[in-house]
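Participant: After the structure tokens below, expect a handful of questions from me.
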Amino acid sequence: MTHSKDLFTPIQLGRYELPNRIVMAPLTRNRAGADDAPIAMHAEYYRQRASAGLIITEATQVAPLGQGYPHTPGIYSQAQVAAWQRVTDSVHQQGGRIFLQLWHVGRISHPSFHNGELPVAPSALQPAGEAMTYDGMQPFVTPRVLELDEIPEIVEQFRQGAKNALAAGFDGVEVHGANGYLLDQFLRDGSNHRTDAYGGSVENRARLLLEITQAVVEVWGSDRVGVRLSPSSTFNDMSDSDPKATFSYAVQALNEFNLAYVHLLEPSEADLRYGGTPIPTREFRPLYDGRLMTNWDYDQAKGNAAIAAGEADLVSYGKLFIANPDLPQRFKLNAPLNEPDPNTFYGGDERGYIDYPSLAMSQSA
């Protein structure tokens with residue numbers, strides 16, 4: 001009798017054999033140091049969570065202009081590389097695997113981050129909403145259009161970020177093509193009104209995502225690269241006239257790379273509330289030949305069900321990993337879970353970051 005797969009079935013992910021399919025999702029926590037480098041508590045935070053089959057780091061900007069939030073880390077300076085090396089060392093000492101998420105926010109930024117310079121985007125469209133700045137919430141501005149001759153520089157920033165991640169000892173990288181940031185802004189026609197080679201048809205709108213994926217694969221090899229997409233997301237004022245067609249094209253185009261995985265966000269309640277088109281991960285299963293990772297509001301039962309049904313190969317967990325550093329062990333034992341505290345998600349000190357108790361600590365208390 002064959003046992004159906006679940007979260008604890010080992011899996012080959014690219015060149016790595018993972019002991020489980022429980023992935024720590026990329027989570028912005030706004031705790032980087034003065035030079036936008038990780039600090040000592042980052043190494044401890046990720047070390048505590050090394051029992052995940054794979055850790056994907058918080059989104060990490062590939063260039064100064066890629067930043068759109070306070071205290072988010074970068075991967076473009078030697079100080080940042082050295083600081084991330086301490087993080088990867090601490091995870092590897094615990095036997096864990098860790099990928100860096102490569103990020104550029106595009107228009108979801110504010111001139112106060114860039115000495116008054118405008119953020120860049122595919123088109124000069126001001127997103128609804130507000131930027132989180134060092135001076136509090138401020139309305140988004142109308143971004144500056146990236147000129148055609150500037151686009152190769154963006155590709156090179158991702159390539160250099162990938163090289164720096166390699167130098168910092170990571171096991172791989174994830175290209176952030178989701179959540180209304182720069183690559184997503186190019187991909188969707190709600191934010192991309194260009195008429196050149198990077199706008200108009202879905203082939204043109206997907207061009208930057210695919211060029212960046214190619215550049216990153218040239219650094220790492222395809223079997224250590226993932227790509228994240230959010231087909232249903234309305235976050236950061238995103239929309240598309242035909243998301244099913246847009247993301248079906250993008251996902252199928254990614255087949256060409258033989259990546260470690262493609263990471264898809266499920267529709268959230270907010271997406272549905274704001275008029276998003278719900279496209280669950282399972283709808284992309286027939287279109288993608290490789291490993292699919294899914295994310296959004298999964299618990300253990302839903303994760304096991306998605307894997308058993310073949311809808312996804314891995315499940316990434318966000319809030320549950322924030323509050324439960326030993327999440328795989330708790331799932332294995334059906335142990336109670338710590339409740340995450342939303343008040344300490346973004347910014348602050350060790351509280352709500354590295355002080356959630358493990359099961360062993362709870363039981364000895």
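Just remember, in the structure tokens the first chain shown is A, the second B, etc., residues are 1-based per chain, and ligands are 1-based in the order shown.
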Range 223-324 of chain A near range 355-364 of chain A within 9 Å: what's each residue's closest atom pair and its distance in Å to one decimal, counting only C-alpha atoms, ordered by chain then ascending residue number, as a tab-separated table?
Facilitator:
```
residue	atom	partner	partner_atom	distance
A:Ile322	CA	A:Tyr356	CA	8.1
A:Ala323	CA	A:Tyr356	CA	5.7
A:Asn324	CA	A:Tyr356	CA	6.6
```
Participant: May I have the selected residues written with all heavy atoms, as an mmCIF file, in the first residue's frame?
Facilitator:
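In the end it all went to part_18.cif:
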```cif
data_model
loop_
_atom_site.group_PDB
_atom_site.id
_atom_site.type_symbol
_atom_site.label_atom_id
_atom_site.label_comp_id
_atom_site.auth_asym_id
_atom_site.auth_seq_id
_atom_site.Cartn_x
_atom_site.Cartn_y
_atom_site.Cartn_z
ATOM 1 N N ILE A 322 6.495 32.797 12.122
ATOM 2 C CA ILE A 322 6.883 33.922 12.979
ATOM 3 C C ILE A 322 6.748 33.515 14.444
ATOM 4 O O ILE A 322 7.646 33.730 15.259
ATOM 5 C CB ILE A 322 6.013 35.164 12.677
ATOM 6 C CG1 ILE A 322 6.418 35.787 11.333
ATOM 7 C CG2 ILE A 322 6.129 36.201 13.807
ATOM 8 C CD1 ILE A 322 5.554 36.971 10.916
ATOM 9 N N ALA A 323 5.609 32.893 14.769
ATOM 10 C CA ALA A 323 5.300 32.605 16.173
ATOM 11 C C ALA A 323 5.820 31.256 16.655
ATOM 12 O O ALA A 323 5.904 31.020 17.862
ATOM 13 C CB ALA A 323 3.785 32.663 16.383
ATOM 14 N N ASN A 324 6.178 30.378 15.708
ATOM 15 C CA ASN A 324 6.581 29.013 16.079
ATOM 16 C C ASN A 324 7.894 28.663 15.394
ATOM 17 O O ASN A 324 7.897 28.113 14.287
ATOM 18 C CB ASN A 324 5.485 28.027 15.674
ATOM 19 C CG ASN A 324 4.180 28.297 16.395
ATOM 20 O OD1 ASN A 324 3.982 27.887 17.531
ATOM 21 N ND2 ASN A 324 3.279 29.024 15.726
#
```
Participant: Can you list, as a list in words, every protein, DNA or RNA residue that comes within 7 Å of Phe170 in chain A when you count only C-alpha atoms, leaving out same-chain residues fewer than 6 positions away?
Facilitator: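 That gives Thr88, Ile98, Phe99 and Leu100 of chain A.
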Participant: Write out as JSON, numbers by chain which residues come within 6 Å of Glu266 in chain A when counting only C-alpha atoms, dropping same-chain ones fewer than 4 positions away.
Facilitator: {"A": [280, 295, 296]}
Participant: Measuring between only C-alpha atoms, which one of A:Ile354, A:Ala245, A:Ile108, A:Val225 shows the shortest distance to Met132 in chain A?
Facilitator: A:Ile108
Participant: As a list of chain:residue names, please: the residues near Arg86 in chain A (cut-off 10 Å, only C-alpha atoms, same-chain neighbours under 4 positions excluded).
Facilitator: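 Counting only the stated atoms, we get A:Pro38, A:Ile39, A:Ala40, A:His42, A:Ala43, A:Glu44, A:Val81, A:Ala82, A:Ser90, A:Val91, A:His92, A:Ala168, A:Gly169.
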Participant: For Leu13 in chain A, which of A:Phe235, A:Tyr298, A:Tyr261, A:Tyr249 is the closest residue, counting only C-alpha atoms?
Facilitator: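 Closest to Leu13 in chain A, using only C-alpha atoms: A:Tyr261.
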Participant: Which one is closest to Met24 in chain A: A:Pro139, A:Pro267, A:Gly53, A:Pro342? Count only C-alpha atoms.
Facilitator: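 Answer, going by the shortest atom-to-atom distance: A:Gly53.
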Participant: Go ahead and compute the interatomic distance for CA of Tyr69 in chain A and CA of Leu292 in chain A, in Å to one decimal.
Facilitator: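 Calculated distance between CA of Tyr69 in chain A and CA of Leu292 in chain A is 28.7 Å.
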Participant: Suppose you want the space between CA of Ala306 in chain A and CA of Ile279 in chain A; what is it in Å?
Facilitator: 14.8 Å
Participant: So which residues touch Arg285 in chain A within 12 Å, counting only C-alpha atoms, skipping near sequence neighbours fewer than 5 positions away, as a list of chain:residue names?
Facilitator: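 Using only C-alpha atoms, the neighbours found are A:Ser248, A:Val251, A:Gln252, A:Asn255, A:Val262, A:His263, A:Leu264, A:Ile279, A:Pro280, A:Gly290, A:Arg291, A:Leu292, A:Met293, A:Thr294, A:Ala306, A:Ile307, A:Ala309, A:Gly310, A:Glu311, A:Ala312, A:Asp313.
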Participant: Just the residues within 8 Å of Gly276 in chain A, please, counting only C-alpha atoms, with nothing from its chain fewer than 4 positions along; format it as a list of chain:residue names.
Facilitator: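 With the cut-off at 8 Å, the set is A:Ser232, A:Ser233, A:Thr234, A:Ser239, A:Asp271, A:Leu272.
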Participant: Could you please take those selected residues and save N, CA and C atoms as an mmCIF file, in the first residue's frame?
Facilitator:
```
data_model
loop_
_atom_site.group_PDB
_atom_site.id
_atom_site.type_symbol
_atom_site.label_atom_id
_atom_site.label_comp_id
_atom_site.auth_asym_id
_atom_site.auth_seq_id
_atom_site.Cartn_x
_atom_site.Cartn_y
_atom_site.Cartn_z
ATOM 1 N N SER A 232 -3.432 36.285 -8.082
ATOM 2 C CA SER A 232 -4.727 36.846 -7.682
ATOM 3 C C SER A 232 -4.600 38.148 -6.911
ATOM 4 N N SER A 233 -3.383 38.563 -6.604
ATOM 5 C CA SER A 233 -3.198 39.621 -5.615
ATOM 6 C C SER A 233 -3.609 41.000 -6.138
ATOM 7 N N THR A 234 -4.321 41.733 -5.274
ATOM 8 C CA THR A 234 -4.633 43.143 -5.539
ATOM 9 C C THR A 234 -3.777 44.067 -4.671
ATOM 10 N N SER A 239 -3.738 45.212 -10.671
ATOM 11 C CA SER A 239 -4.855 44.643 -11.425
ATOM 12 C C SER A 239 -4.348 44.196 -12.791
ATOM 13 N N ASP A 271 -7.863 40.092 -1.407
ATOM 14 C CA ASP A 271 -7.884 40.081 -2.874
ATOM 15 C C ASP A 271 -9.320 39.950 -3.384
ATOM 16 N N LEU A 272 -10.077 39.092 -2.750
ATOM 17 C CA LEU A 272 -11.450 38.876 -3.193
ATOM 18 C C LEU A 272 -12.305 40.098 -2.876
#
```
Participant: Can you pull out every residue from range 127-186 of chain A that DSSP, working from the backbone, puts in alpha helix (DSSP H), and format the result as a PyMOL selection string?
Facilitator: chain A and resi 151-167+182-186
Participant: For the selection you just gave me, I'd like the residues written to a file as a PDB file, in the first residue's frame, keeping N, CA, C and O atoms.
Facilitator:
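Writing the result to result_36.pdb gives the following:
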```
ATOM      1  N   ILE A 151      16.667  49.630 -18.618  1.00  0.00           N
ATOM      2  CA  ILE A 151      16.183  48.308 -18.200  1.00  0.00           C
ATOM      3  C   ILE A 151      17.321  47.291 -18.059  1.00  0.00           C
ATOM      4  O   ILE A 151      17.336  46.525 -17.087  1.00  0.00           O
ATOM      5  N   PRO A 152      18.316  47.291 -18.974  1.00  0.00           N
ATOM      6  CA  PRO A 152      19.427  46.350 -18.755  1.00  0.00           C
ATOM      7  C   PRO A 152      20.128  46.541 -17.407  1.00  0.00           C
ATOM      8  O   PRO A 152      20.622  45.567 -16.818  1.00  0.00           O
ATOM      9  N   GLU A 153      20.126  47.776 -16.907  1.00  0.00           N
ATOM     10  CA  GLU A 153      20.747  48.030 -15.604  1.00  0.00           C
ATOM     11  C   GLU A 153      19.969  47.336 -14.482  1.00  0.00           C
ATOM     12  O   GLU A 153      20.563  46.824 -13.531  1.00  0.00           O
ATOM     13  N   ILE A 154      18.633  47.295 -14.600  1.00  0.00           N
ATOM     14  CA  ILE A 154      17.819  46.583 -13.606  1.00  0.00           C
ATOM     15  C   ILE A 154      18.164  45.089 -13.636  1.00  0.00           C
ATOM     16  O   ILE A 154      18.336  44.449 -12.590  1.00  0.00           O
ATOM     17  N   VAL A 155      18.281  44.542 -14.845  1.00  0.00           N
ATOM     18  CA  VAL A 155      18.652  43.123 -14.975  1.00  0.00           C
ATOM     19  C   VAL A 155      20.003  42.880 -14.304  1.00  0.00           C
ATOM     20  O   VAL A 155      20.178  41.897 -13.568  1.00  0.00           O
ATOM     21  N   GLU A 156      20.944  43.800 -14.524  1.00  0.00           N
ATOM     22  CA  GLU A 156      22.278  43.640 -13.935  1.00  0.00           C
ATOM     23  C   GLU A 156      22.252  43.761 -12.413  1.00  0.00           C
ATOM     24  O   GLU A 156      23.041  43.115 -11.720  1.00  0.00           O
ATOM     25  N   GLN A 157      21.350  44.578 -11.880  1.00  0.00           N
ATOM     26  CA  GLN A 157      21.248  44.695 -10.419  1.00  0.00           C
ATOM     27  C   GLN A 157      20.798  43.365  -9.816  1.00  0.00           C
ATOM     28  O   GLN A 157      21.300  42.947  -8.768  1.00  0.00           O
ATOM     29  N   PHE A 158      19.861  42.698 -10.473  1.00  0.00           N
ATOM     30  CA  PHE A 158      19.442  41.366 -10.000  1.00  0.00           C
ATOM     31  C   PHE A 158      20.582  40.359 -10.166  1.00  0.00           C
ATOM     32  O   PHE A 158      20.803  39.520  -9.289  1.00  0.00           O
ATOM     33  N   ARG A 159      21.302  40.452 -11.287  1.00  0.00           N
ATOM     34  CA  ARG A 159      22.423  39.530 -11.494  1.00  0.00           C
ATOM     35  C   ARG A 159      23.482  39.726 -10.402  1.00  0.00           C
ATOM     36  O   ARG A 159      23.982  38.751  -9.823  1.00  0.00           O
ATOM     37  N   GLN A 160      23.790  40.985 -10.105  1.00  0.00           N
ATOM     38  CA  GLN A 160      24.793  41.261  -9.081  1.00  0.00           C
ATOM     39  C   GLN A 160      24.288  40.840  -7.702  1.00  0.00           C
ATOM     40  O   GLN A 160      25.041  40.300  -6.892  1.00  0.00           O
ATOM     41  N   GLY A 161      23.002  41.067  -7.439  1.00  0.00           N
ATOM     42  CA  GLY A 161      22.414  40.597  -6.177  1.00  0.00           C
ATOM     43  C   GLY A 161      22.548  39.092  -6.042  1.00  0.00           C
ATOM     44  O   GLY A 161      22.852  38.571  -4.960  1.00  0.00           O
ATOM     45  N   ALA A 162      22.332  38.378  -7.157  1.00  0.00           N
ATOM     46  CA  ALA A 162      22.479  36.916  -7.153  1.00  0.00           C
ATOM     47  C   ALA A 162      23.923  36.518  -6.864  1.00  0.00           C
ATOM     48  O   ALA A 162      24.184  35.585  -6.097  1.00  0.00           O
ATOM     49  N   LYS A 163      24.878  37.234  -7.484  1.00  0.00           N
ATOM     50  CA  LYS A 163      26.299  36.954  -7.216  1.00  0.00           C
ATOM     51  C   LYS A 163      26.639  37.226  -5.755  1.00  0.00           C
ATOM     52  O   LYS A 163      27.380  36.466  -5.109  1.00  0.00           O
ATOM     53  N   ASN A 164      26.106  38.319  -5.228  1.00  0.00           N
ATOM     54  CA  ASN A 164      26.385  38.654  -3.827  1.00  0.00           C
ATOM     55  C   ASN A 164      25.774  37.626  -2.879  1.00  0.00           C
ATOM     56  O   ASN A 164      26.369  37.299  -1.840  1.00  0.00           O
ATOM     57  N   ALA A 165      24.598  37.100  -3.240  1.00  0.00           N
ATOM     58  CA  ALA A 165      23.981  36.057  -2.419  1.00  0.00           C
ATOM     59  C   ALA A 165      24.830  34.790  -2.422  1.00  0.00           C
ATOM     60  O   ALA A 165      24.967  34.111  -1.402  1.00  0.00           O
ATOM     61  N   LEU A 166      25.426  34.493  -3.565  1.00  0.00           N
ATOM     62  CA  LEU A 166      26.334  33.345  -3.662  1.00  0.00           C
ATOM     63  C   LEU A 166      27.543  33.563  -2.748  1.00  0.00           C
ATOM     64  O   LEU A 166      27.930  32.668  -1.980  1.00  0.00           O
ATOM     65  N   ALA A 167      28.087  34.784  -2.785  1.00  0.00           N
ATOM     66  CA  ALA A 167      29.239  35.115  -1.940  1.00  0.00           C
ATOM     67  C   ALA A 167      28.892  35.060  -0.452  1.00  0.00           C
ATOM     68  O   ALA A 167      29.754  34.785   0.388  1.00  0.00           O
ATOM     69  N   LEU A 182       8.290  45.592  -8.553  1.00  0.00           N
ATOM     70  CA  LEU A 182       8.675  46.006  -9.906  1.00  0.00           C
ATOM     71  C   LEU A 182       8.370  44.964 -10.989  1.00  0.00           C
ATOM     72  O   LEU A 182       7.819  45.305 -12.043  1.00  0.00           O
ATOM     73  N   LEU A 183       8.739  43.703 -10.764  1.00  0.00           N
ATOM     74  CA  LEU A 183       8.542  42.708 -11.827  1.00  0.00           C
ATOM     75  C   LEU A 183       7.064  42.436 -12.054  1.00  0.00           C
ATOM     76  O   LEU A 183       6.621  42.232 -13.190  1.00  0.00           O
ATOM     77  N   ASP A 184       6.281  42.464 -10.983  1.00  0.00           N
ATOM     78  CA  ASP A 184       4.827  42.334 -11.082  1.00  0.00           C
ATOM     79  C   ASP A 184       4.228  43.546 -11.804  1.00  0.00           C
ATOM     80  O   ASP A 184       3.281  43.408 -12.589  1.00  0.00           O
ATOM     81  N   GLN A 185       4.787  44.734 -11.545  1.00  0.00           N
ATOM     82  CA  GLN A 185       4.308  45.950 -12.211  1.00  0.00           C
ATOM     83  C   GLN A 185       4.499  45.870 -13.723  1.00  0.00           C
ATOM     84  O   GLN A 185       3.658  46.343 -14.495  1.00  0.00           O
ATOM     85  N   PHE A 186       5.602  45.268 -14.151  1.00  0.00           N
ATOM     86  CA  PHE A 186       5.816  45.077 -15.585  1.00  0.00           C
ATOM     87  C   PHE A 186       4.868  44.017 -16.150  1.00  0.00           C
ATOM     88  O   PHE A 186       4.382  44.137 -17.273  1.00  0.00           O
TER      89      PHE A 186
END
```
